[in-house]
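Novice: Next comes run_0.txt, compact mmCIF, C-alpha atoms:
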# COMPACT_ATOMS: atom_id res chain seq x y z
CA MET A 1 -21.90 18.15 35.95
CA LEU A 2 -24.73 20.54 35.13
CA PRO A 3 -28.14 18.89 34.86
CA GLU A 4 -29.30 17.94 31.36
CA ASN A 5 -31.41 20.56 29.62
CA LEU A 6 -32.83 20.10 26.15
CA THR A 7 -34.87 22.12 23.72
CA ALA A 8 -36.54 19.72 21.28
CA ILE A 9 -38.65 20.82 18.34
CA VAL A 10 -41.25 18.07 18.08
CA ALA A 11 -43.51 19.65 15.43
CA ARG A 12 -42.40 22.26 12.93
CA ASN A 13 -44.75 23.90 10.44
CA GLU A 14 -47.31 21.13 10.89
CA SER A 15 -50.89 21.79 10.00
CA TRP A 16 -53.22 20.41 12.66
CA THR A 17 -56.80 19.45 11.82
CA ALA A 18 -59.18 16.88 13.36
CA GLU A 19 -57.29 14.60 15.81
CA SER A 20 -53.71 15.84 15.88
CA ALA A 21 -50.74 15.20 18.13
CA THR A 22 -46.98 15.55 18.26
CA GLU A 23 -44.91 12.44 17.69
CA PRO A 24 -44.17 10.44 20.88
CA TYR A 25 -41.17 11.91 22.68
CA GLU A 26 -39.16 10.05 25.32
CA ALA A 27 -38.05 12.28 28.15
CA GLY A 28 -37.80 9.95 31.12
CA TRP A 29 -34.55 11.62 32.17
CA ALA A 30 -36.37 14.94 32.65
CA LYS A 31 -38.17 15.96 35.84
CA GLU A 32 -39.97 18.86 34.23
CA ALA A 33 -41.10 20.10 30.88
CA ILE A 34 -42.58 23.23 29.41
CA VAL A 35 -44.47 22.76 26.18
CA PHE A 36 -44.57 25.85 23.98
CA VAL A 37 -46.92 26.08 21.01
CA ARG A 38 -46.51 28.89 18.47
CA ALA A 39 -48.91 29.48 15.58
CA LEU A 40 -46.89 29.96 12.40
CA LYS A 41 -49.91 31.09 10.39
CA ALA A 42 -53.21 32.69 11.35
CA PRO A 43 -55.43 29.87 12.68
CA THR A 44 -58.87 29.36 11.20
CA GLY A 45 -61.98 28.75 13.30
CA PRO A 46 -62.56 28.62 17.07
CA LEU A 47 -59.65 26.74 18.60
CA PRO A 48 -60.14 24.01 21.20
CA LYS A 49 -57.74 23.56 24.09
CA ALA A 50 -54.68 21.39 23.65
CA ARG A 51 -53.94 18.66 26.17
CA ILE A 52 -50.86 16.90 27.51
CA GLU A 53 -50.81 13.14 27.09
CA ILE A 54 -48.56 10.53 28.66
CA SER A 55 -47.92 6.90 27.84
CA ALA A 56 -46.27 3.80 29.23
CA ASP A 57 -45.12 2.57 25.83
CA GLY A 58 -45.60 5.29 23.23
CA LEU A 59 -48.54 3.31 21.84
CA HIS A 60 -51.34 3.76 24.35
CA TRP A 61 -52.00 7.31 25.55
CA CYS A 62 -53.72 8.85 28.58
CA ALA A 63 -54.74 12.45 29.11
CA GLU A 64 -52.39 13.74 31.82
CA GLY A 65 -54.97 16.30 32.96
CA SER A 66 -53.28 19.51 31.83
CA GLU A 67 -55.08 21.53 29.20
CA PHE A 68 -54.08 24.87 27.70
CA ASP A 69 -55.11 27.31 25.02
CA LEU A 70 -53.78 27.01 21.52
CA PRO A 71 -52.34 30.31 20.21
CA ALA A 72 -55.11 32.33 18.59
CA ALA A 73 -53.04 34.49 16.21
CA ARG A 74 -50.00 34.16 14.01
CA ASP A 75 -46.83 34.16 16.14
CA ALA A 76 -48.80 34.02 19.37
CA VAL A 77 -47.36 31.53 21.86
CA THR A 78 -48.98 29.49 24.59
CA PHE A 79 -47.38 27.10 27.03
CA GLN A 80 -48.04 24.46 29.64
CA ARG A 81 -45.79 23.35 32.49
CA VAL A 82 -45.68 19.59 33.17
CA SER A 83 -43.91 17.49 35.76
CA HIS A 84 -43.94 13.86 36.91
CA PHE A 85 -44.85 12.64 33.43
CA GLY A 86 -42.89 9.38 33.30
CA ASN A 87 -41.24 8.82 29.94
CA PHE A 88 -43.40 9.31 26.85
CA LEU A 89 -44.91 12.75 26.38
CA ARG A 90 -46.95 14.40 23.65
CA VAL A 91 -49.30 17.30 22.98
CA ALA A 92 -52.66 16.51 21.41
CA ALA A 93 -55.71 18.44 20.29
CA SER A 94 -59.11 17.57 18.85
CA LEU A 95 -59.99 20.20 16.27
CA PRO A 96 -63.59 20.46 15.01
CA ASP A 97 -64.36 20.47 11.28
CA GLY A 98 -63.10 23.63 9.57
CA VAL A 99 -60.60 24.47 12.32
CA GLU A 100 -56.91 24.49 11.45
CA ILE A 101 -53.71 25.69 13.06
CA THR A 102 -50.12 25.48 11.80
CA VAL A 103 -47.86 24.88 14.79
CA LEU A 104 -44.30 24.95 15.99
CA VAL A 105 -44.17 22.82 19.15
CA THR A 106 -41.15 23.02 21.44
CA LEU A 107 -40.43 20.85 24.45
CA HIS A 108 -38.11 22.42 26.97
CA LEU A 109 -36.95 19.62 29.24
CA LYS A 110 -34.86 19.71 32.41
CA ALA A 111 -33.40 16.94 34.55
CA MET B 1 3.89 0.29 16.37
CA THR B 2 5.83 2.89 18.31
CA GLN B 3 6.19 2.98 22.07
CA LEU B 4 3.63 5.78 22.11
CA ASP B 5 1.18 3.59 20.18
CA ASP B 6 1.70 0.76 22.67
CA LEU B 7 1.18 3.07 25.62
CA ARG B 8 -1.91 4.63 24.08
CA ARG B 9 -3.38 1.23 23.35
CA ALA B 10 -2.72 -0.03 26.89
CA ILE B 11 -4.40 3.02 28.41
CA ARG B 12 -7.40 2.76 26.12
CA GLU B 13 -7.85 -0.95 26.61
CA SER B 14 -7.94 -0.50 30.37
CA ASP B 15 -10.84 1.95 29.99
CA PRO B 16 -14.12 0.05 29.50
CA ALA B 17 -15.70 2.99 27.65
CA LEU B 18 -12.91 2.95 25.07
CA SER B 19 -11.78 -0.64 24.92
CA ARG B 20 -14.75 -1.60 22.76
CA PHE B 21 -13.50 0.81 20.10
CA ASP B 22 -10.36 0.84 17.96
CA PRO B 23 -9.87 4.57 17.53
CA LEU B 24 -7.16 6.35 15.59
CA PRO B 25 -4.64 8.24 17.75
CA ARG B 26 -6.78 11.33 18.40
CA ILE B 27 -10.33 10.93 19.69
CA ILE B 28 -12.46 13.72 18.26
CA CYS B 29 -15.51 12.66 20.24
CA LEU B 30 -16.75 9.70 22.22
CA ASP B 31 -20.48 10.16 22.57
CA ASP B 32 -22.00 8.04 25.28
CA PHE B 33 -25.61 9.13 25.53
CA ASP B 34 -25.60 8.67 29.27
CA ARG B 35 -24.03 12.15 29.21
CA GLY B 36 -26.85 13.72 27.24
CA MET B 37 -27.31 14.43 23.56
CA CYS B 38 -23.55 15.03 23.04
CA GLY B 39 -24.17 17.47 20.19
CA TRP B 40 -26.47 15.22 18.15
CA THR B 41 -29.38 17.21 16.88
CA GLN B 42 -32.10 17.36 14.27
CA LEU B 43 -31.26 17.72 10.58
CA VAL B 44 -33.39 20.70 9.68
CA GLY B 45 -33.73 21.56 6.01
CA ASN B 46 -32.68 24.88 4.48
CA TYR B 47 -35.21 27.69 4.15
CA GLU B 48 -35.49 31.43 3.61
CA ASP B 49 -38.44 33.71 4.49
CA THR B 50 -40.79 30.77 5.13
CA LEU B 51 -40.53 27.24 6.45
CA ASP B 52 -42.76 26.23 3.54
CA ALA B 53 -39.60 26.46 1.39
CA MET B 54 -38.13 23.42 3.14
CA LEU B 55 -38.08 20.25 1.04
CA PRO B 56 -40.58 17.64 2.32
CA GLY B 57 -37.76 15.18 2.98
CA TYR B 58 -36.38 17.53 5.64
CA ALA B 59 -39.74 18.86 6.85
CA GLN B 60 -40.56 15.39 8.22
CA HIS B 61 -37.49 15.31 10.48
CA SER B 62 -37.83 15.66 14.22
CA HIS B 63 -35.57 15.69 17.24
CA ALA B 64 -33.71 12.58 18.33
CA MET B 65 -34.23 11.54 21.93
CA LEU B 66 -32.48 9.94 24.86
CA SER B 67 -34.12 6.56 25.16
CA THR B 68 -33.96 3.59 27.50
CA LEU B 69 -35.44 1.49 24.66
CA PRO B 70 -38.69 0.98 26.57
CA ASN B 71 -41.05 -1.77 25.44
CA TRP B 72 -44.64 -2.53 26.35
CA ASP B 73 -43.91 -6.22 27.08
CA PHE B 74 -40.75 -6.17 29.21
CA GLY B 75 -39.89 -2.52 29.89
CA SER B 76 -36.60 -0.74 29.34
CA HIS B 77 -33.97 -2.56 27.31
CA GLY B 78 -31.20 -0.07 28.12
CA GLY B 79 -28.05 0.70 26.17
CA VAL B 80 -24.80 -1.15 25.55
CA ASP B 81 -23.74 0.27 28.88
CA GLY B 82 -25.72 2.64 31.02
CA SER B 83 -29.39 3.42 30.69
CA TYR B 84 -29.55 5.64 27.63
CA ALA B 85 -29.06 5.44 23.88
CA LEU B 86 -29.77 7.99 21.18
CA LYS B 87 -33.05 7.17 19.46
CA ILE B 88 -33.94 8.26 15.93
CA ALA B 89 -37.64 7.69 15.23
CA THR B 90 -39.48 8.11 11.95
CA ARG B 91 -43.13 8.98 11.57
CA PRO B 92 -45.55 6.08 11.00
CA LYS B 93 -45.78 6.41 7.24
CA LYS B 94 -44.22 4.17 4.59
CA GLY B 95 -40.99 5.74 3.34
CA ALA B 96 -40.69 8.19 6.27
CA GLN B 97 -37.15 9.00 7.33
CA ASN B 98 -35.47 10.73 10.23
CA VAL B 99 -31.89 11.82 10.80
CA ALA B 100 -29.67 12.79 13.73
CA ILE B 101 -26.63 14.90 12.90
CA LYS B 102 -23.49 16.21 14.59
CA ARG B 103 -21.77 19.22 13.02
CA LEU B 104 -18.00 19.66 13.28
CA THR B 105 -15.10 20.88 11.16
CA PHE B 106 -11.76 19.16 10.68
CA ARG B 107 -8.29 20.48 11.46
CA LYS B 108 -6.32 18.10 9.29
CA ALA B 109 -7.37 16.54 6.01
CA GLY B 110 -6.26 13.05 6.92
CA PRO B 111 -7.69 9.71 8.00
CA ILE B 112 -10.77 9.68 10.20
CA ARG B 113 -12.61 6.71 11.68
CA LEU B 114 -16.27 6.51 12.65
CA GLU B 115 -17.19 3.70 15.05
CA ALA B 116 -20.59 3.09 16.57
CA TYR B 117 -22.77 0.50 18.21
CA PHE B 118 -26.22 0.55 16.64
CA THR B 119 -29.45 -1.34 16.47
CA PHE B 120 -32.87 -0.81 14.89
CA LYS B 121 -36.40 -2.06 15.35
CA PRO B 122 -39.90 -1.09 14.21
CA GLU B 123 -42.41 0.22 16.73
CA ALA B 124 -43.96 -2.89 18.26
CA THR B 125 -47.55 -2.24 17.25
CA GLU B 126 -48.20 -5.89 16.37
CA LEU B 127 -47.55 -9.23 18.02
CA ALA B 128 -45.56 -10.28 14.98
CA LEU B 129 -41.87 -10.50 14.17
CA SER B 130 -42.05 -7.42 11.90
CA GLU B 131 -38.56 -7.99 10.51
CA THR B 132 -39.44 -6.44 7.15
CA ASP B 133 -41.02 -3.27 8.53
CA ILE B 134 -37.82 -1.22 8.63
CA ARG B 135 -36.56 -0.23 5.21
CA SER B 136 -33.12 0.98 6.18
CA PHE B 137 -30.64 2.16 8.74
CA GLY B 138 -27.67 4.17 7.59
CA PHE B 139 -25.11 6.88 8.11
CA LEU B 140 -23.34 9.58 6.19
CA TYR B 141 -20.67 12.23 6.29
CA ASP B 142 -21.07 15.69 4.81
CA LEU B 143 -17.58 16.97 4.06
CA GLN B 144 -15.93 19.83 2.25
CA ILE B 145 -12.30 20.73 1.63
CA GLY B 146 -10.62 23.68 3.39
CA ASP B 147 -10.95 27.15 1.89
CA THR B 148 -7.36 27.23 0.63
CA SER B 149 -6.90 23.58 -0.27
CA GLY B 150 -8.96 23.48 -3.46
CA PRO B 151 -9.98 22.88 -6.05
CA GLY B 152 -12.25 20.27 -4.53
CA ASP B 153 -15.75 19.22 -3.84
CA ARG B 154 -18.37 18.87 -1.20
CA VAL B 155 -18.30 15.13 -0.62
CA MET B 156 -21.06 13.11 1.01
CA PRO B 157 -20.23 9.47 1.70
CA HIS B 158 -23.44 7.52 2.35
CA LEU B 159 -24.00 3.91 3.41
CA ARG B 160 -27.27 2.28 4.33
CA PHE B 161 -28.31 -1.21 5.35
CA LEU B 162 -31.29 -1.92 3.10
CA ASN B 163 -33.15 -4.21 5.46
CA ALA B 164 -36.36 -4.61 3.50
CA GLN B 165 -38.35 -3.19 0.64
CA ASP B 166 -42.02 -3.85 -0.07
CA GLY B 167 -42.07 -6.77 2.33
CA GLN B 168 -38.93 -8.46 0.97
CA HIS B 169 -36.21 -9.04 3.56
CA ILE B 170 -33.20 -7.86 1.53
CA GLN B 171 -30.40 -7.20 4.05
CA LYS B 172 -27.56 -5.61 2.13
CA TRP B 173 -25.37 -2.52 2.33
CA GLN B 174 -25.77 0.16 -0.30
CA PHE B 175 -24.13 3.45 -1.19
CA LYS B 176 -25.06 6.53 -3.14
CA ARG B 177 -23.37 8.69 -5.74
CA LYS B 178 -26.26 10.95 -6.71
CA THR B 179 -28.34 13.49 -4.87
CA THR B 180 -31.44 15.34 -6.12
CA PRO B 181 -31.00 18.39 -8.39
CA ILE B 182 -29.73 21.43 -6.52
CA LYS B 183 -32.56 23.92 -6.02
CA PRO B 184 -32.20 27.59 -5.01
CA ILE B 185 -34.06 28.63 -1.85
CA GLY B 186 -35.61 32.09 -1.47
CA THR B 187 -34.55 35.23 -3.31
CA ALA B 188 -31.31 36.34 -1.67
CA GLY B 189 -29.20 33.96 -3.74
CA LYS B 190 -27.46 32.64 -0.62
CA THR B 191 -29.07 29.28 0.04
CA ILE B 192 -29.67 26.14 -1.96
CA THR B 193 -31.06 22.74 -1.09
CA HIS B 194 -31.05 19.14 -2.27
CA TYR B 195 -32.27 15.91 -0.68
CA HIS B 196 -29.40 13.47 -0.52
CA LEU B 197 -31.49 10.82 1.26
CA ALA B 198 -34.03 10.54 -1.54
CA PRO B 199 -35.02 6.90 -2.06
CA ASP B 200 -33.56 6.79 -5.59
CA ASP B 201 -30.03 6.08 -6.77
CA TRP B 202 -28.87 3.71 -4.07
CA GLU B 203 -26.39 1.17 -5.45
CA ASP B 204 -25.40 -2.19 -4.03
CA LEU B 205 -22.05 -2.37 -2.28
CA PRO B 206 -20.29 -5.30 -3.98
CA GLY B 207 -20.35 -8.24 -1.56
CA GLY B 208 -22.48 -6.16 0.80
CA GLU B 209 -25.09 -8.78 1.69
CA GLN B 210 -25.18 -9.31 5.46
CA ARG B 211 -27.62 -11.03 7.77
CA LEU B 212 -27.70 -9.08 11.03
CA CYS B 213 -28.96 -10.44 14.31
CA TYR B 214 -32.57 -9.25 14.55
CA ASN B 215 -33.77 -11.47 17.42
CA GLU B 216 -37.06 -13.29 17.69
CA ILE B 217 -39.80 -10.86 18.69
CA PRO B 218 -40.35 -7.22 17.73
CA THR B 219 -39.09 -5.80 21.01
CA LYS B 220 -35.73 -7.53 21.65
CA VAL B 221 -32.67 -5.89 20.16
CA ASN B 222 -29.01 -6.80 19.78
CA TRP B 223 -26.31 -4.17 19.31
CA HIS B 224 -24.05 -4.18 16.25
CA TYR B 225 -20.61 -2.68 15.78
CA LEU B 226 -19.75 -0.59 12.75
CA ARG B 227 -16.53 1.06 11.65
CA PHE B 228 -16.08 3.31 8.62
CA ASP B 229 -12.63 4.63 7.70
CA PHE B 230 -12.34 7.64 5.43
CA ASP B 231 -9.40 9.67 4.17
CA LEU B 232 -10.18 13.40 4.09
CA ALA B 233 -7.06 14.05 1.96
CA ALA B 234 -8.09 11.73 -0.87
CA MET B 235 -11.80 12.07 -0.03
CA GLN B 236 -12.12 8.30 -0.35
CA ALA B 237 -13.45 5.55 1.90
CA THR B 238 -10.76 3.09 2.92
CA ARG B 239 -12.48 0.45 5.08
CA PHE B 240 -15.96 -0.57 6.21
CA GLN B 241 -16.70 -3.16 8.85
CA VAL B 242 -19.91 -4.32 10.52
CA ASN B 243 -19.57 -6.91 13.27
CA ASP B 244 -17.37 -9.72 11.92
CA ARG B 245 -17.52 -8.64 8.27
CA VAL B 246 -15.09 -6.32 6.48
CA PHE B 247 -16.37 -5.15 3.11
CA ALA B 248 -14.26 -4.40 0.05
CA MET B 249 -14.61 -0.72 -0.82
CA ASP B 250 -13.18 -0.81 -4.37
CA GLY B 251 -16.62 -0.29 -5.88
CA TYR B 252 -17.69 2.37 -3.38
CA ASP B 253 -17.97 6.07 -4.05
CA CYS B 254 -19.62 9.16 -2.57
CA ILE B 255 -21.97 11.91 -3.66
CA ARG B 256 -19.69 14.65 -5.03
CA ILE B 257 -21.08 18.12 -5.74
CA PRO B 258 -19.37 21.50 -6.21
CA ALA B 259 -17.90 23.06 -3.07
CA MET B 260 -20.19 25.62 -1.45
CA LYS B 261 -19.18 29.03 -0.19
CA ASN B 262 -20.08 28.55 3.48
CA LEU B 263 -19.00 24.99 4.20
CA TRP B 264 -15.17 24.95 4.34
CA CYS B 265 -13.60 22.12 6.37
CA MET B 266 -17.08 20.85 7.19
CA LEU B 267 -17.18 17.52 9.00
CA ASN B 268 -20.78 16.54 9.63
CA LEU B 269 -21.78 13.03 10.57
CA ALA B 270 -25.31 11.72 10.61
CA PHE B 271 -27.28 8.54 11.18
CA PHE B 272 -30.72 7.86 9.75
CA ALA B 273 -33.66 5.46 9.82
CA GLU B 274 -36.31 4.79 7.20
CA THR B 275 -39.53 2.82 7.56
CA ASP B 276 -41.02 0.55 4.90
CA THR B 277 -44.51 0.40 6.43
CA ASP B 278 -46.97 2.72 8.14
CA LYS B 279 -45.15 1.99 11.37
CA ARG B 280 -42.42 4.03 13.09
CA ALA B 281 -38.84 2.88 12.52
CA PHE B 282 -36.47 3.27 15.47
CA ALA B 283 -32.69 3.40 15.14
CA TYR B 284 -30.54 3.51 18.26
CA LEU B 285 -26.90 4.44 18.90
CA ASP B 286 -24.82 3.70 22.01
CA SER B 287 -22.21 4.97 21.54
CA VAL B 288 -20.38 6.82 18.75
CA CYS B 289 -16.61 7.31 18.56
CA LEU B 290 -15.04 9.57 15.95
CA SER B 291 -11.26 9.61 15.79
CA GLY B 292 -8.58 10.99 13.54
CA ASP B 293 -4.91 10.61 12.72
CA PHE B 294 -3.44 14.03 13.51
Mind turning this structure into structure tokens?
Specialist:
Amino acid sequence: MLPENLTAIVARNESWTAESATEPYEAGWAKEAIVFVRALKAPTGPLPKARIEISADGLHWCAEGSEFDLPAARDAVTFQRVSHFGNFLRVAASLPDGVEITVLVTLHLKA
Amino acid sequence: MTQLDDLRRAIRESDPALSRFDPLPRIICLDDFDRGMCGWTQLVGNYEDTLDAMLPGYAQHSHAMLSTLPNWDFGSHGGVDGSYALKIATRPKKGAQNVAIKRLTFRKAGPIRLEAYFTFKPEATELALSETDIRSFGFLYDLQIGDTSGPGDRVMPHLRFLNAQDGQHIQKWQFKRKTTPIKPIGTAGKTITHYHLAPDDWEDLPGGEQRLCYNEIPTKVNWHYLRFDFDLAAMQATRFQVNDRVFAMDGYDCIRIPAMKNLWCMLNLAFFAETDTDKRAFAYLDSVCLSGDF
């Protein structure tokens, strides 16, 4: 059987301000992930980096260490490759006051 | 029972994956989530030109996941068999819902049977039983007659287990006959929308009170069996069973709205979860068997 391969939209047309993150996603079956972030509208303000977070239980989160740019223009896309992440995975960002981005976040997962 | 029925039954009962189901003669799908998502996906709302046109009820939906039912206190719970179940998780906001859907069409307007093993639990954010944190778990079909078999309707049978509301542990099955007003989307005149899982207009299924096994802490689950029989010719439910209880369906009916121009022979099935607190609700399936008599 071919290895499992899933494209999961984990945030769609969500406006991120302040402390924002995707909902916890379980992907323990996957060995690798690529997180894509697309800006659906023109962001406002200087964007911070986004970070990958992992968790043992979906409740308590640790920074995995990977950081990547958020897309700086409408329809721009950025991505981050991740592997060896355990089960729970999410993308998080801390946006300063006045900074906002509307995102489409896609997880592409492979066993 | 014919000889063929006897033979079919013997073969199925010797197969552990099938012997826990009672399918009709033809198995349309047997979705064991150890084989992946099996065609269960996110229920995205309709839109045109902009995603802002999507109704908020749909905008909140996200992708189901393959879960081992992991818990902070004892680790992975696992499925009925194998490691994985399909997990439908809401956002942590009172009234939030999420849906997983499978989209098919039918080849004969006759009897179909949906069987599933399910369970539900709130996210274990507290060291408390939390039995009233989940508002509901439920399922639905979205059906429409064939293009030459009309006149007829788009028919949406819904059933939900109203577990709790505003802290009251209610535990009863409900159905729905009304959806929200149909609203045009965009300017092309091709797309409409309505939110059939709106919290209003649920009605009690007569005799539908049922106390399900919940277990004794917020992380332990027990799996429940459900079976829902529906006749696509009459567009009527014929039987509903959960664990040891069979419910009378005389008082049951479906949402019925005019047939739509792009949905002929549609056979969609969906499961949903709804939270009653600012805590995620999790519904799990392992597995789902859809069968038909054709």
Novice: Need the shell around stretch 106-108 of chain A: protein/DNA/RNA residues with any atom at most 12 Å away, counting all atoms listed in the file. Skip same-chain ones fewer than 6 positions apart. Format as number ranges by chain?
Specialist: A: 4-13, 22-27, 30-39, 52, 77-83, 89-91; B: 62-63, 65
Novice: Using all atoms listed in the file - which residues lie no farther than 12 Å from the point (-23.2, 23.0, 33.3) in the file's frame? Write them as a PyMOL selection string.
Specialist: (chain A and resi 1-5+111) or (chain B and resi 35-36)
Novice: Keeping only C-alpha atoms, write those residues as a short mmCIF file (atom, residue, chain, number, x, y, z; two decimals), in the coordinates of the input.
Specialist:
data_model
loop_
_atom_site.label_atom_id
_atom_site.label_comp_id
_atom_site.auth_asym_id
_atom_site.auth_seq_id
_atom_site.Cartn_x
_atom_site.Cartn_y
_atom_site.Cartn_z
CA MET A 1 -21.90 18.15 35.95
CA LEU A 2 -24.73 20.54 35.13
CA PRO A 3 -28.14 18.89 34.86
CA GLU A 4 -29.30 17.94 31.36
CA ASN A 5 -31.41 20.56 29.62
CA ALA A 111 -33.40 16.94 34.55
CA ARG B 35 -24.03 12.15 29.21
CA GLY B 36 -26.85 13.72 27.24
#
Novice: Hey, can you check how far atom CA of B:Ser291 sits from atom CA of B:Ala109?
Specialist: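 Separating atom CA of B:Ser291 from atom CA of B:Ala109 is a distance of 12.6 Å.
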Novice: Using Å and a single decimal, report how far atom CA of B:Ala100 sits from atom CA of B:Gln42.
Specialist: 5.2 Å
Novice: Can you check which residues of chain B have any atom within 12 Å of chain A? Use all atoms listed in the file and format it as JSON, numbers by chain.
Specialist: {"B": [33, 34, 35, 36, 37, 38, 39, 40, 41, 42, 43, 44, 45, 50, 51, 52, 53, 54, 56, 58, 59, 60, 61, 62, 63, 64, 65, 66, 67, 68, 69, 70, 71, 72, 73, 74, 75, 76, 83, 84, 85, 86, 87, 88, 89, 90, 91, 92, 123, 124, 125, 126, 219, 279, 280, 282]}
Novice: To one decimal place in Å, what is the distance between atom CA of B:Tyr195 and atom CA of A:Thr17?
Specialist: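 These two atoms are separated by 27.8 Å.
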Novice: As a PyMOL selection string, please: the residues near stretch 208-215 of chain B (cut-off 6 Å, all atoms listed in the file, same-chain neighbours under 6 positions excluded).
Specialist: chain B and resi 171-173
Novice: Mind checking which residues fall within 9 Å of B:Ile192, counting only C-alpha atoms, ignoring those fewer than 2 positions away in the same chain, and posting them as a count of residues only?
Specialist: 10
Novice: Give me, as a PyMOL selection string, all polymer residues having an atom no more than 8 Å from B:Phe272, counting only C-alpha atoms and skipping those fewer than 4 positions away in the same chain.
Specialist: chain B and resi 88+97-100+137-139+283
Novice: Please provide as an MDAnalysis selection string all residues within 10 Å of A:Ala93, with the sequence filter that same-chain residues fewer than 6 positions apart are discarded (counting all atoms listed in the file).
Specialist: chainID A and resid 16:22 47:53 67:68 70
